[in-house]
Each structure stands twice: as C-alpha cells, then as structure tokens.
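Raw protein-v1.txt, compact mmCIF, C-alpha atoms:
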```
# COMPACT_ATOMS: atom_id res chain seq x y z
CA MET A 27 27.88 -95.76 15.34
CA LEU A 28 28.87 -94.67 18.84
CA PRO A 29 30.81 -91.43 19.36
CA ARG A 30 34.51 -91.91 20.01
CA ASN A 31 34.33 -91.29 23.75
CA TRP A 32 31.53 -93.85 24.12
CA ALA A 33 33.58 -96.79 22.80
CA LEU A 34 35.97 -98.27 25.37
CA TRP A 35 38.14 -99.97 22.77
CA ARG A 36 38.83 -96.61 21.08
CA ARG A 37 40.35 -95.15 24.22
CA PRO A 38 44.16 -95.02 24.81
CA LYS A 39 45.62 -98.40 25.75
CA ARG A 40 46.91 -97.19 29.12
CA PHE A 41 43.40 -96.00 29.97
CA ILE A 42 41.87 -99.37 29.02
CA VAL A 43 44.48 -101.37 30.96
CA PHE A 44 44.18 -99.21 34.07
CA LEU A 45 40.39 -99.27 33.99
CA LEU A 46 40.14 -103.06 33.56
CA VAL A 47 42.83 -103.93 36.12
CA THR A 48 41.51 -101.62 38.85
CA GLU A 49 37.96 -102.71 38.14
CA LEU A 50 38.91 -106.39 38.48
CA ILE A 51 40.65 -105.65 41.78
CA ALA A 52 37.58 -103.84 43.06
CA VAL A 53 35.20 -106.61 41.94
CA ALA A 54 37.41 -109.25 43.60
CA TRP A 55 37.28 -107.29 46.86
CA LEU A 56 33.50 -106.91 46.62
CA VAL A 57 33.03 -110.66 46.05
CA VAL A 58 35.21 -111.55 49.05
CA ALA A 59 33.49 -108.98 51.26
CA PHE A 60 30.06 -110.18 50.16
CA VAL A 61 30.82 -113.85 50.77
CA ASN A 62 32.30 -113.22 54.22
CA ALA A 63 29.52 -110.88 55.38
CA SER A 64 26.94 -111.94 57.93
CA PRO A 65 23.35 -112.25 56.68
CA PRO A 66 21.21 -109.11 57.13
CA SER A 67 18.74 -109.07 60.00
CA GLY A 68 15.17 -107.87 59.86
CA LEU A 69 16.27 -104.53 61.38
CA ASP A 70 18.94 -104.23 58.70
CA TRP A 71 16.34 -104.70 55.98
CA LEU A 72 14.11 -102.06 57.58
CA ARG A 73 16.96 -99.56 57.67
CA PHE A 74 17.85 -100.47 54.09
CA ALA A 75 14.27 -99.75 53.04
CA ILE A 76 14.30 -96.36 54.79
CA LEU A 77 17.57 -95.36 53.09
CA THR A 78 16.34 -96.58 49.72
CA VAL A 79 13.10 -94.63 49.95
CA GLY A 80 14.96 -91.50 51.05
CA ALA A 81 17.54 -91.81 48.27
CA THR A 82 14.84 -92.43 45.67
CA ALA A 83 12.87 -89.38 46.81
CA HIS A 84 16.03 -87.28 46.67
CA ILE A 85 17.04 -88.49 43.20
CA GLN A 86 13.61 -88.17 41.63
CA LEU A 87 12.85 -84.77 43.13
CA THR A 88 16.18 -83.35 41.92
CA ARG A 89 16.35 -85.05 38.54
CA ARG A 90 15.85 -81.90 36.46
CA GLN A 91 18.36 -79.98 38.55
CA GLU A 92 20.94 -82.74 38.09
CA GLU A 93 20.39 -82.79 34.34
CA ARG A 94 20.98 -79.04 34.15
CA ARG A 95 24.10 -79.27 36.30
CA ARG A 96 25.53 -82.13 34.24
CA ASN A 97 24.73 -80.43 30.95
CA ALA A 98 26.83 -77.48 32.07
CA GLY A 99 29.88 -79.79 31.88
CA GLY A 100 33.54 -78.89 32.33
CA ARG A 101 33.79 -79.72 36.02
CA VAL A 102 33.70 -82.41 38.66
CA LEU A 103 30.11 -82.92 39.80
CA ILE A 104 29.11 -83.64 43.40
CA ASP A 105 25.67 -85.25 43.34
CA LEU A 106 24.96 -85.47 47.13
CA THR A 107 24.11 -89.19 47.09
CA ALA A 108 26.76 -89.71 49.79
CA VAL A 109 24.01 -88.58 52.19
CA TRP A 110 22.51 -92.07 51.67
CA VAL A 111 25.59 -94.16 50.90
CA VAL A 112 27.64 -93.10 53.94
CA PRO A 113 24.98 -94.20 56.49
CA ALA A 114 24.65 -97.48 54.60
CA ALA A 115 28.41 -97.99 54.90
CA ILE A 116 28.34 -97.24 58.63
CA ILE A 117 25.16 -99.05 59.65
CA LEU A 118 24.31 -101.80 57.17
CA PRO A 119 26.11 -105.07 56.43
CA VAL A 120 28.12 -105.33 53.21
CA PRO A 121 25.43 -106.98 51.02
CA LEU A 122 22.89 -104.23 51.75
CA THR A 123 25.54 -101.50 51.42
CA ILE A 124 26.33 -102.78 47.93
CA LEU A 125 22.64 -102.95 47.14
CA VAL A 126 22.05 -99.35 48.27
CA VAL A 127 24.89 -98.13 46.04
CA GLY A 128 23.57 -100.21 43.13
CA LEU A 129 20.02 -98.86 43.44
CA VAL A 130 21.26 -95.28 43.74
CA ARG A 131 23.54 -95.63 40.74
CA VAL A 132 20.90 -97.30 38.55
CA GLN A 133 18.60 -94.35 39.12
CA ARG A 134 21.45 -91.94 38.39
CA TRP A 135 22.06 -93.71 35.06
CA PHE A 136 18.91 -92.16 33.61
CA VAL A 137 20.17 -88.71 34.56
CA ALA A 138 23.92 -89.01 33.88
CA ARG A 139 23.75 -90.53 30.37
CA ARG A 140 27.43 -91.30 30.35
CA PRO A 141 29.38 -93.96 28.43
CA ALA A 142 28.52 -97.37 29.87
CA HIS A 143 32.12 -98.28 30.76
CA ASN A 144 32.56 -94.97 32.63
CA PHE A 145 29.32 -95.46 34.53
CA VAL A 146 30.06 -99.08 35.45
CA TYR A 147 33.56 -98.15 36.58
CA SER A 148 32.39 -95.30 38.79
CA THR A 149 29.63 -97.51 40.23
CA VAL A 150 32.14 -100.21 41.15
CA ALA A 151 34.39 -97.52 42.64
CA HIS A 152 31.51 -96.25 44.80
CA MET A 153 30.80 -99.81 45.97
CA LEU A 154 34.47 -100.38 46.77
CA ALA A 155 34.70 -97.09 48.68
CA ALA A 156 31.54 -97.83 50.69
CA THR A 157 32.52 -101.41 51.60
CA LEU A 158 36.08 -100.41 52.56
CA ALA A 159 34.69 -97.62 54.74
CA HIS A 160 32.30 -100.15 56.30
CA GLN A 161 35.07 -102.67 56.95
CA VAL A 162 37.33 -100.12 58.61
CA TYR A 163 34.48 -98.76 60.73
CA VAL A 164 33.56 -102.26 61.90
CA GLU A 165 37.18 -103.02 62.81
CA LEU A 166 37.28 -99.87 64.94
CA GLY A 167 34.26 -101.13 66.93
CA PRO A 168 32.29 -102.31 68.79
CA HIS A 169 29.78 -99.51 68.30
CA ASP A 170 27.07 -99.42 70.96
CA TRP A 171 25.54 -95.99 70.42
CA GLY A 172 22.92 -96.49 73.14
CA SER A 173 25.51 -96.52 75.96
CA LEU A 174 27.81 -93.70 74.87
CA ASP A 175 28.93 -90.97 77.29
CA ILE A 176 30.43 -87.65 76.22
CA ALA A 177 33.94 -89.07 75.73
CA GLY A 178 32.55 -92.08 73.90
CA SER A 179 30.50 -89.84 71.64
CA LEU A 180 33.62 -87.90 70.62
CA THR A 181 35.46 -91.15 69.89
CA GLU A 182 32.56 -92.50 67.86
CA PHE A 183 32.36 -89.25 65.95
CA GLY A 184 36.04 -89.60 65.13
CA TRP A 185 35.51 -93.14 63.79
CA MET A 186 32.66 -91.91 61.62
CA LEU A 187 34.94 -89.20 60.22
CA VAL A 188 37.55 -91.86 59.45
CA ALA A 189 34.94 -93.89 57.56
CA GLY A 190 33.87 -90.81 55.62
CA LEU A 191 37.47 -89.95 54.72
CA ILE A 192 38.06 -93.49 53.47
CA TYR A 193 34.90 -93.34 51.39
CA GLU A 194 36.03 -90.06 49.82
CA GLY A 195 39.69 -91.05 49.49
CA VAL A 196 39.01 -94.27 47.60
CA GLN A 197 36.78 -92.45 45.12
CA ILE A 198 39.46 -89.81 44.54
CA LEU A 199 42.07 -92.51 43.97
CA TYR A 200 39.98 -94.61 41.59
CA ILE A 201 37.88 -92.06 39.74
CA GLY A 202 40.44 -89.24 39.77
CA SER A 203 43.10 -91.51 38.29
CA VAL A 204 40.93 -92.66 35.43
CA ILE A 205 39.82 -89.07 34.68
CA ALA A 206 43.47 -88.02 34.45
CA LEU A 207 44.31 -90.95 32.15
CA ALA A 208 41.31 -90.30 29.91
CA ALA A 209 42.60 -86.86 28.91
CA PRO A 210 46.10 -86.28 30.29
CA GLU A 211 46.57 -83.09 28.27
CA LYS A 212 43.57 -81.54 30.07
CA ALA A 213 44.23 -83.04 33.51
CA ASN A 214 44.75 -80.63 36.37
CA ALA A 215 43.73 -80.34 40.00
CA ARG A 216 40.39 -78.75 39.11
CA THR A 217 39.37 -81.27 36.45
CA VAL A 218 40.48 -84.27 38.52
CA LEU A 219 39.70 -83.23 42.09
CA GLY A 220 37.19 -80.44 41.57
CA SER A 221 37.28 -76.87 42.80
CA PRO A 222 37.57 -75.92 46.49
CA ALA A 223 33.81 -75.26 46.48
CA ASP A 224 33.20 -78.75 45.07
CA ASN A 225 35.25 -80.33 47.85
CA VAL A 226 33.56 -78.29 50.54
CA LEU A 227 30.21 -79.50 49.20
CA GLU A 228 31.46 -83.10 49.26
CA ALA A 229 32.63 -82.70 52.87
CA ILE A 230 29.23 -81.28 53.84
CA THR A 231 27.51 -84.16 52.05
CA ILE A 232 29.56 -86.76 53.94
CA GLY A 233 28.79 -84.92 57.18
CA LEU A 234 25.08 -85.04 56.36
CA GLY A 235 25.53 -88.75 55.71
CA ALA A 236 26.87 -89.18 59.24
CA VAL A 237 23.86 -87.28 60.59
CA THR A 238 21.57 -89.54 58.55
CA ALA A 239 23.24 -92.59 60.11
CA ILE A 240 22.60 -91.24 63.61
CA LEU A 241 18.96 -90.46 62.81
CA LEU A 242 18.52 -93.90 61.26
CA VAL A 243 19.60 -95.59 64.47
CA ILE A 244 18.12 -93.23 67.07
CA MET A 245 14.92 -92.01 65.42
CA PRO A 246 14.31 -93.65 61.99
CA PRO A 247 11.23 -91.61 60.90
CA THR A 248 13.28 -88.39 61.04
CA VAL A 249 15.37 -89.62 58.10
CA ALA A 250 12.58 -88.12 55.98
CA ILE A 251 13.94 -84.72 57.01
CA MET A 252 17.20 -85.56 55.24
CA ALA A 253 15.34 -86.11 51.97
CA VAL A 254 14.07 -82.53 52.22
CA VAL A 255 17.54 -81.28 53.20
CA THR A 256 19.16 -82.96 50.18
CA VAL A 257 16.62 -81.39 47.82
CA VAL A 258 17.38 -77.95 49.27
CA PHE A 259 21.14 -78.53 49.09
CA ASN A 260 20.82 -79.74 45.51
CA ARG A 261 19.08 -76.50 44.63
CA LEU A 262 21.75 -74.46 46.41
CA ALA A 263 24.46 -76.41 44.59
CA GLU A 264 22.80 -75.64 41.25
CA ILE A 265 22.60 -71.94 42.10
CA GLU A 266 26.25 -71.92 43.16
CA GLN A 267 27.25 -73.64 39.93
CA LEU A 268 25.25 -71.19 37.82
CA GLN A 269 26.85 -68.26 39.63
CA ALA A 270 30.31 -69.75 39.13
CA ASP A 271 29.63 -70.47 35.45
CA VAL A 272 28.61 -66.86 34.84
CA ARG A 273 32.01 -65.73 36.14
CA THR A 274 34.14 -68.52 34.65
CA ASP A 275 35.68 -68.81 31.20
CA PRO A 276 34.41 -72.17 29.89
CA LYS A 277 37.54 -72.93 27.87
CA THR A 278 40.19 -72.33 30.52
CA GLN A 279 38.16 -72.55 33.76
CA VAL A 280 39.69 -69.34 35.13
CA ALA A 281 37.68 -66.18 35.73
CA ASN A 282 36.18 -64.51 32.69
CA MET A 283 36.25 -60.73 32.39
CA ARG A 284 33.08 -60.33 34.42
CA GLY A 285 34.35 -62.47 37.27
CA TRP A 286 37.86 -61.03 37.19
CA THR A 287 36.64 -57.44 37.03
CA GLU A 288 34.33 -57.92 40.03
CA SER A 289 37.20 -59.34 42.10
CA ALA A 290 39.62 -56.67 40.89
CA GLU A 291 37.22 -53.81 41.69
CA ARG A 292 36.73 -55.10 45.23
CA ALA A 293 40.49 -55.51 45.73
CA LEU A 294 41.17 -52.04 44.34
CA THR A 295 38.61 -50.50 46.70
CA ARG A 296 40.29 -52.21 49.67
CA ALA A 297 43.74 -51.11 48.48
CA ALA A 298 42.60 -47.49 48.10
CA LYS A 299 41.10 -47.41 51.61
CA ALA A 300 44.16 -48.99 53.22
CA ALA A 301 46.69 -47.15 51.02
CA ASP A 302 48.15 -50.51 50.01
CA PRO A 303 49.82 -51.26 46.67
CA LEU A 304 48.17 -53.49 44.10
CA ALA A 305 49.49 -54.74 40.77
CA ILE A 306 48.03 -56.03 37.53
CA LEU A 307 49.86 -58.26 35.07
CA MET A 308 48.69 -58.60 31.48
CA ILE A 309 50.11 -61.72 29.82
CA ASP A 310 50.00 -62.08 26.04
CA LEU A 311 51.16 -65.35 24.49
CA ASP A 312 53.51 -64.59 21.60
CA HIS A 313 52.66 -65.82 18.09
CA PHE A 314 49.50 -67.62 19.16
CA LYS A 315 48.11 -67.41 15.64
CA TRP A 316 51.08 -69.47 14.48
CA ILE A 317 50.03 -72.26 16.87
CA ASN A 318 46.50 -72.31 15.46
CA ASP A 319 47.75 -72.17 11.87
CA THR A 320 50.37 -74.89 12.39
CA PHE A 321 48.65 -77.39 14.69
CA GLY A 322 44.96 -76.46 14.46
CA HIS A 323 42.51 -74.73 16.77
CA PRO A 324 42.07 -77.73 19.16
CA ALA A 325 45.81 -77.54 19.85
CA GLY A 326 45.43 -73.80 20.43
CA ASP A 327 42.70 -74.53 22.96
CA ASP A 328 44.98 -77.00 24.74
CA VAL A 329 47.71 -74.36 24.90
CA LEU A 330 45.29 -71.86 26.45
CA ARG A 331 44.11 -74.40 29.01
CA ASN A 332 47.68 -75.28 29.96
CA LEU A 333 48.62 -71.62 30.23
CA ALA A 334 45.65 -70.96 32.52
CA GLN A 335 46.64 -73.94 34.68
CA LEU A 336 50.22 -72.70 34.81
CA LEU A 337 49.10 -69.25 35.95
CA ASP A 338 47.06 -70.86 38.73
CA GLU A 339 50.09 -72.86 39.84
CA VAL A 340 52.70 -70.09 39.87
CA THR A 341 50.56 -67.41 41.52
CA ARG A 342 49.52 -67.03 45.14
CA PRO A 343 46.12 -68.20 46.46
CA SER A 344 45.18 -64.53 46.99
CA ASP A 345 45.95 -63.63 43.36
CA VAL A 346 43.15 -63.67 40.79
CA VAL A 347 43.74 -65.11 37.32
CA GLY A 348 41.39 -64.16 34.50
CA ARG A 349 41.16 -64.49 30.75
CA PHE A 350 41.07 -61.12 29.04
CA GLY A 351 40.26 -62.56 25.63
CA GLY A 352 41.96 -64.56 22.91
CA GLU A 353 45.45 -65.47 24.13
CA GLU A 354 45.59 -62.73 26.77
CA PHE A 355 45.30 -63.26 30.50
CA LEU A 356 45.21 -60.95 33.50
CA VAL A 357 46.57 -61.55 36.98
CA LEU A 358 45.55 -59.38 39.93
CA LEU A 359 48.22 -59.18 42.64
CA PRO A 360 46.90 -57.68 45.91
CA ASP A 361 49.42 -56.12 48.35
CA THR A 362 52.11 -56.13 45.68
CA ASP A 363 54.45 -53.25 44.83
CA GLN A 364 56.33 -52.71 41.58
CA ALA A 365 59.40 -54.72 42.57
CA ALA A 366 57.38 -57.75 43.69
CA ALA A 367 55.13 -57.52 40.63
CA THR A 368 58.17 -57.51 38.36
CA VAL A 369 59.50 -60.63 40.07
CA ALA A 370 56.09 -62.30 39.65
CA GLY A 371 56.03 -61.33 35.97
CA GLU A 372 59.51 -62.79 35.41
CA ARG A 373 58.49 -65.98 37.17
CA ILE A 374 55.50 -66.34 34.86
CA ARG A 375 57.57 -65.50 31.77
CA SER A 376 60.14 -68.15 32.68
CA ALA A 377 57.44 -70.74 33.43
CA VAL A 378 55.73 -70.12 30.09
CA ALA A 379 59.05 -70.65 28.28
CA GLY A 380 59.34 -74.05 29.95
CA LEU A 381 55.82 -75.25 29.08
CA GLN A 382 55.59 -78.53 27.19
CA ILE A 383 52.06 -79.20 26.02
CA ARG A 384 51.02 -82.57 24.66
CA THR A 385 48.26 -82.13 22.14
CA THR A 386 47.22 -83.16 18.63
CA ASN A 387 47.97 -81.70 15.23
CA LYS A 388 45.60 -81.09 12.34
CA ARG A 389 45.63 -84.79 11.43
CA GLY A 390 44.80 -85.87 14.97
CA ASP A 391 48.30 -87.24 15.66
CA GLN A 392 50.01 -86.69 18.99
CA THR A 393 52.41 -83.75 19.03
CA LEU A 394 54.26 -81.51 21.47
CA VAL A 395 54.02 -77.73 21.61
CA SER A 396 56.97 -76.18 23.44
CA GLU A 397 59.33 -73.21 23.53
CA ARG A 398 56.49 -70.70 23.62
CA THR A 399 57.05 -67.22 25.01
CA ALA A 400 54.93 -64.47 26.51
CA SER A 401 55.06 -60.68 26.65
CA ILE A 402 53.99 -59.29 30.01
CA GLY A 403 52.95 -55.80 31.06
CA VAL A 404 52.95 -54.63 34.68
CA ALA A 405 50.87 -51.81 36.12
CA VAL A 406 50.82 -50.85 39.80
CA PHE A 407 48.28 -48.87 41.84
CA PRO A 408 48.54 -45.95 42.38
CA ASP A 409 51.67 -45.21 40.30
CA HIS A 410 50.17 -46.16 36.94
CA GLY A 411 46.51 -45.40 37.56
CA ASP A 412 43.91 -45.05 40.28
CA THR A 413 41.05 -46.90 38.57
CA LEU A 414 40.81 -50.38 37.12
CA PRO A 415 40.38 -49.17 33.51
CA THR A 416 43.45 -46.92 33.71
CA LEU A 417 45.53 -49.70 35.27
CA MET A 418 44.45 -52.16 32.58
CA GLN A 419 45.21 -49.60 29.87
CA ALA A 420 48.65 -49.00 31.37
CA ALA A 421 49.39 -52.75 31.53
CA ASP A 422 48.16 -53.16 27.96
CA ALA A 423 50.45 -50.37 26.75
CA ALA A 424 53.35 -52.08 28.52
CA VAL A 425 52.53 -55.32 26.66
CA TYR A 426 52.80 -53.42 23.38
CA GLU A 427 56.19 -52.11 24.42
CA ALA A 428 57.30 -55.65 25.26
CA LYS A 429 56.11 -56.83 21.84
CA GLU A 430 57.87 -54.01 20.05
CA GLY A 431 61.02 -54.63 22.11
CA GLY A 432 61.36 -58.22 20.87
CA ARG A 433 58.76 -60.16 22.89
CA ASN A 434 59.46 -62.68 25.70
CA GLN A 435 59.99 -59.94 28.27
CA VAL A 436 58.38 -58.07 31.15
CA ARG A 437 57.81 -54.32 30.82
CA ILE A 438 56.70 -51.87 33.50
CA ALA A 439 54.02 -49.35 32.55
CA ARG A 440 54.94 -45.72 32.31
CA ALA A 441 54.04 -43.58 35.30
CA ALA A 442 50.64 -41.97 34.88
CA ARG A 443 52.12 -38.45 34.63
CA ASP A 444 54.52 -39.58 31.90
CA SER A 445 51.97 -41.33 29.75
CA ALA A 446 50.87 -39.77 26.49
CA PRO A 447 47.83 -40.73 24.42
CA LEU A 448 49.81 -42.53 21.72
CA PRO A 449 47.89 -44.18 18.86
CA GLN A 450 47.67 -47.96 19.25
CA PRO A 451 47.40 -50.48 16.42
CA PRO A 452 44.43 -52.84 16.34
CA ARG A 453 44.78 -55.83 18.68
CA GLU A 454 44.96 -58.23 15.72
CA ALA A 455 48.01 -56.42 14.31
CA LYS A 456 50.34 -57.95 16.89
CA HIS A 457 49.65 -61.57 15.87
CA ILE A 458 52.67 -61.86 13.62
CA THR A 459 53.36 -65.23 12.02
CA HIS A 460 56.93 -66.30 11.42
```

Taking this structure as input, can you express it in the form of structure tokens?
Amino acid sequence: MLPRNWALWRRPKRFIVFLLVTELIAVAWLVVAFVNASPPSGLDWLRFAILTVGATAHIQLTRRQEERRRNAGGRVLIDLTAVWVVPAAIILPVPLTILVVGLVRVQRWFVARRPAHNFVYSTVAHMLAATLAHQVYVELGPHDWGSLDIAGSLTEFGWMLVAGLIYEGVQILYIGSVIALAAPEKANARTVLGSPADNVLEAITIGLGAVTAILLVIMPPTVAIMAVVTVVFNRLAEIEQLQADVRTDPKTQVANMRGWTESAERALTRAAKAADPLAILMIDLDHFKWINDTFGHPAGDDVLRNLAQLLDEVTRPSDVVGRFGGEEFLVLLPDTDQAAATVAGERIRSAVAGLQIRTTNKRGDQTLVSERTASIGVAVFPDHGDTLPTLMQAADAAVYEAKEGGRNQVRIARAARDSAPLPQPPREAKHITH
C-alpha cells in the first residue's frame, strides 16, 4: 500500500482539482506549440545533442550530492538543471526544447524519488515554462548574434533576461501554487518560494544558462566547461545547505541556538564597539502543554511553525529570530533601545493573540487553534547586561515576571545593578494546564 502522500486520490480535493486543471492547460499549450513549431534542422539536432550530453554528465556526476541534498528535506531545492534548459529554450525549436526537459527530468526521477503525480506535474510545469520562454524570446527577435554591435548586445542580453524571468516566473506560479495547496497549514514564503539564498542560486543558474546558450552558438565545444562548472556549483550548493542546516531548527526553519548565538555574538561585538543599543526579546508561548495535550503533538508542531513564521513577518530584515527550545523563541534587535524594543514586543504579543492556525486534532480531523497568548521578556544592552549570557538571563527573568503577573504581557528586565540572584523554578514548572 502506498503512503498517504504518494496517492493522488487521497489528497485534498482542491489540490487534486488545481493540479489536474493546470496540468491540462499546460499540456494543451505544449501540444499547440509542438504542432505549430518548425521542424528541427541538422544544426538544431547537433546543439540538442551537445546540451543533452552536458546535462547527462552534470546529472550523473552530481547524483550522490543531489540525493544527500534531497534527503535533508524541509526546503525548496534548486537543482541547477536550468543551466541546460534555459539555452534550449533560447536556441532550440519547441520540439527539441521539450525533449531536453523530458530527458533531464527522466534522469532526475531516479534521484528525486517523489510521488509520480508530483513529478509529472513539475515536469509539465518545466516544459511549459521553457516553451513559453522560447515563444516570448522568438517574438522579441530576430536574433542574429553574429552581427551584433555593443548596443545590440545589450538589447539581446535584455531579451535573454526576459526569457529567463519568464522561465522562473512560470515555475513559481505553477509549482509554488501546488506546494501551498498541498499543505496550506505549513505554507509560507520559505516553503513555497525558498530562502533568499535559494533564489540567488536560481538566478545564478539562469545566468549560467544564458552563458551556455552563447557558448553553444559561438563556440560549441566550450559547453563542456559548463558541465564542470555545474558540478562545482552543485558541490558549493551542498556545502551551503549543510552549513545552513547546522544553524537552522528543522521544525520551524528559523535559526537554532547555535545559529542564533553566532549572529547575536557578532551583533553584540559591533554594538559594543560603536556604543549602540541592542535588545533581546524572549518569547514564551503560554500554556503550550495544553495545546499538545488537547490537540496532539502534530498540532503543537504546527503552532510552533506558525509562530516562527509570524516572528519572521513582524520583525525587521536585520532582526534575527531563533528558537531557544520547546515553545520559546528569541529575537535579536540590533540598534534598538528599550522604548523601541518594548514596542516591538507589544507588536509581537498582539500578533500572537491574533494567530489562527489550521491544523488537525488527535483524530486527524481539521481544527483551528486560536486565541493563544505569549509572555515576552525584554533585555537591552548595556542596561541589563554586557554579555550575551547575562542579557539572555535578564530576558528570561523578565519572562518569569510576565508569567507570574498573569501572562500575555511584555516585561522589561531589571537593570543589572538592581538584579538579585533569586531562585528560579525549573523551566517545566511554568507549563500550567488549565
């Protein structure tokens, strides 16, 4: 028997309808484009063969790396095959462009090992993106690269960028939408669109695809260089992913304590040198044990993921969100004094109170978790401590005061000179169930 996520008919109805309708639209477009395309020439077939050999070398030489990257899970994966698909979309006629995508995707099937309907859908989406990019590029023509001057080269470069953007945009629209529908309770910008690093890698890959197209037309044998380049980039991508995974909490996809501490230490060093303020917020979700006991641990995980996403959304790009452990999160606020940190804490507290999280209960039925609250402690450098441990201890003590004061509030840490080494209860003692 197939696992649940491998059976299309066991997916939500809206997912099935969207997938089938969009796939039929894409297939209809591909059929029309194929029928209306001009037959490939001998030169087209030669270029097709060069791209196919290069793509095959790339895929086979990086197979183990791709398997390790995919097994890591929990993120959008950029596989660098655009280096071969983009030049096909720019240079080759539609039938050979479709064939290049098909051959690339068939080889990826043995690495990806995904549900068949997911793989077919993404393959069709890649074909649609490539043929639409090709059609737009052709309409912007004619493209006689052999007679280009400086101004013409800039214009042609612009058209190639347009084709690359269309190729990327169609994939985001098709594949991103179906990812969001597959698990709406887990959908966020990172899970649907990937991280900023993922998108930078995709942009670089499309740029390398444009370079491959130029080499294919001007000096075909040098395309072999791109096969070497893709292997190197694949290795660099794996290293970057491993480094990110070491610093990322797998459940919430925000920084873990190692990653957050490294960022916080660097920010604190800069603040000390520049005599700038810096604040730390410790956020503790109230009565989290009650959520686990009432709805089950999967629902608790969904709550944590949604809280992490919320913190990413309501903080500044320069702020650093991390998971301290359990239901506790930390937010580093560079260049922030006590007044601004208090405002940030109140904004987070209010946003948490408004969270509505769609999840499942212990029986697997759909349910809604809402009206949650958080207790937040604020500590500011240098008023509440001059090292990261002392600041964290001060923020933690402020969280305890917020809990003891009735929860769902923001408390400022005591000034370092006013603090006394008061005994603290064990961390588990605050998980009170009502």

Determine, counting only C-alpha atoms, which protein, DNA and RNA residues have an atom within 7 Å of an atom of segment 222-232 of chain A; residues of the same chain fewer than 5 positions away are not included. Present the result as a PyMOL selection string.
chain A and resi 104+106+108-109+112+190

For the point (47.2, -67.2, 41.7) in the file's frame, write as a list in words all residues with an atom no more than 12 Å away, counting only C-alpha atoms.
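Collected hits near the coordinates: Val280, Ala281, Ile306, Leu307, Ala334, Gln335, Leu336, Leu337, Asp338, Glu339, Val340, Thr341, Arg342, Pro343, Ser344, Asp345, Val346, Val347, Gly348, Leu356, Val357, Leu358, Leu359, Pro360, Ala370 and Ile374 of chain A.
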
Can you pull out the residues contacting Val395 of chain A? Cut-off 8 Å, using all atoms listed in the file, and skip same-chain residues under 3 positions away; I want them as a ChimeraX atom specification.
/A:329,382-385,398

Using only C-alpha atoms, pick whichever of A:Asp319, A:Pro415, A:Leu241, A:Asp312 has the shortest atom-to-atom distance to Gln435 of chain A.
A:Asp312

Could you check the closest approach to Ala297 of chain A for each of A:Val406, A:Val254, A:Leu129, A:Ala115 and tell me which residue wins, using only C-alpha atoms?
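So, comparing all the options, the nearest one is A:Val406.
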
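Take atom CA of Ala263 of chain A and atom CA of Glu182 of chain A: the distance between them is 29.4 Å.
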
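Minimum atom-to-atom distances from A:Val369, A:Ile265, A:Ile117, A:Val47 to Ile240 of chain A were compared using all atoms listed in the file, and the lowest value belongs to A:Ile117.
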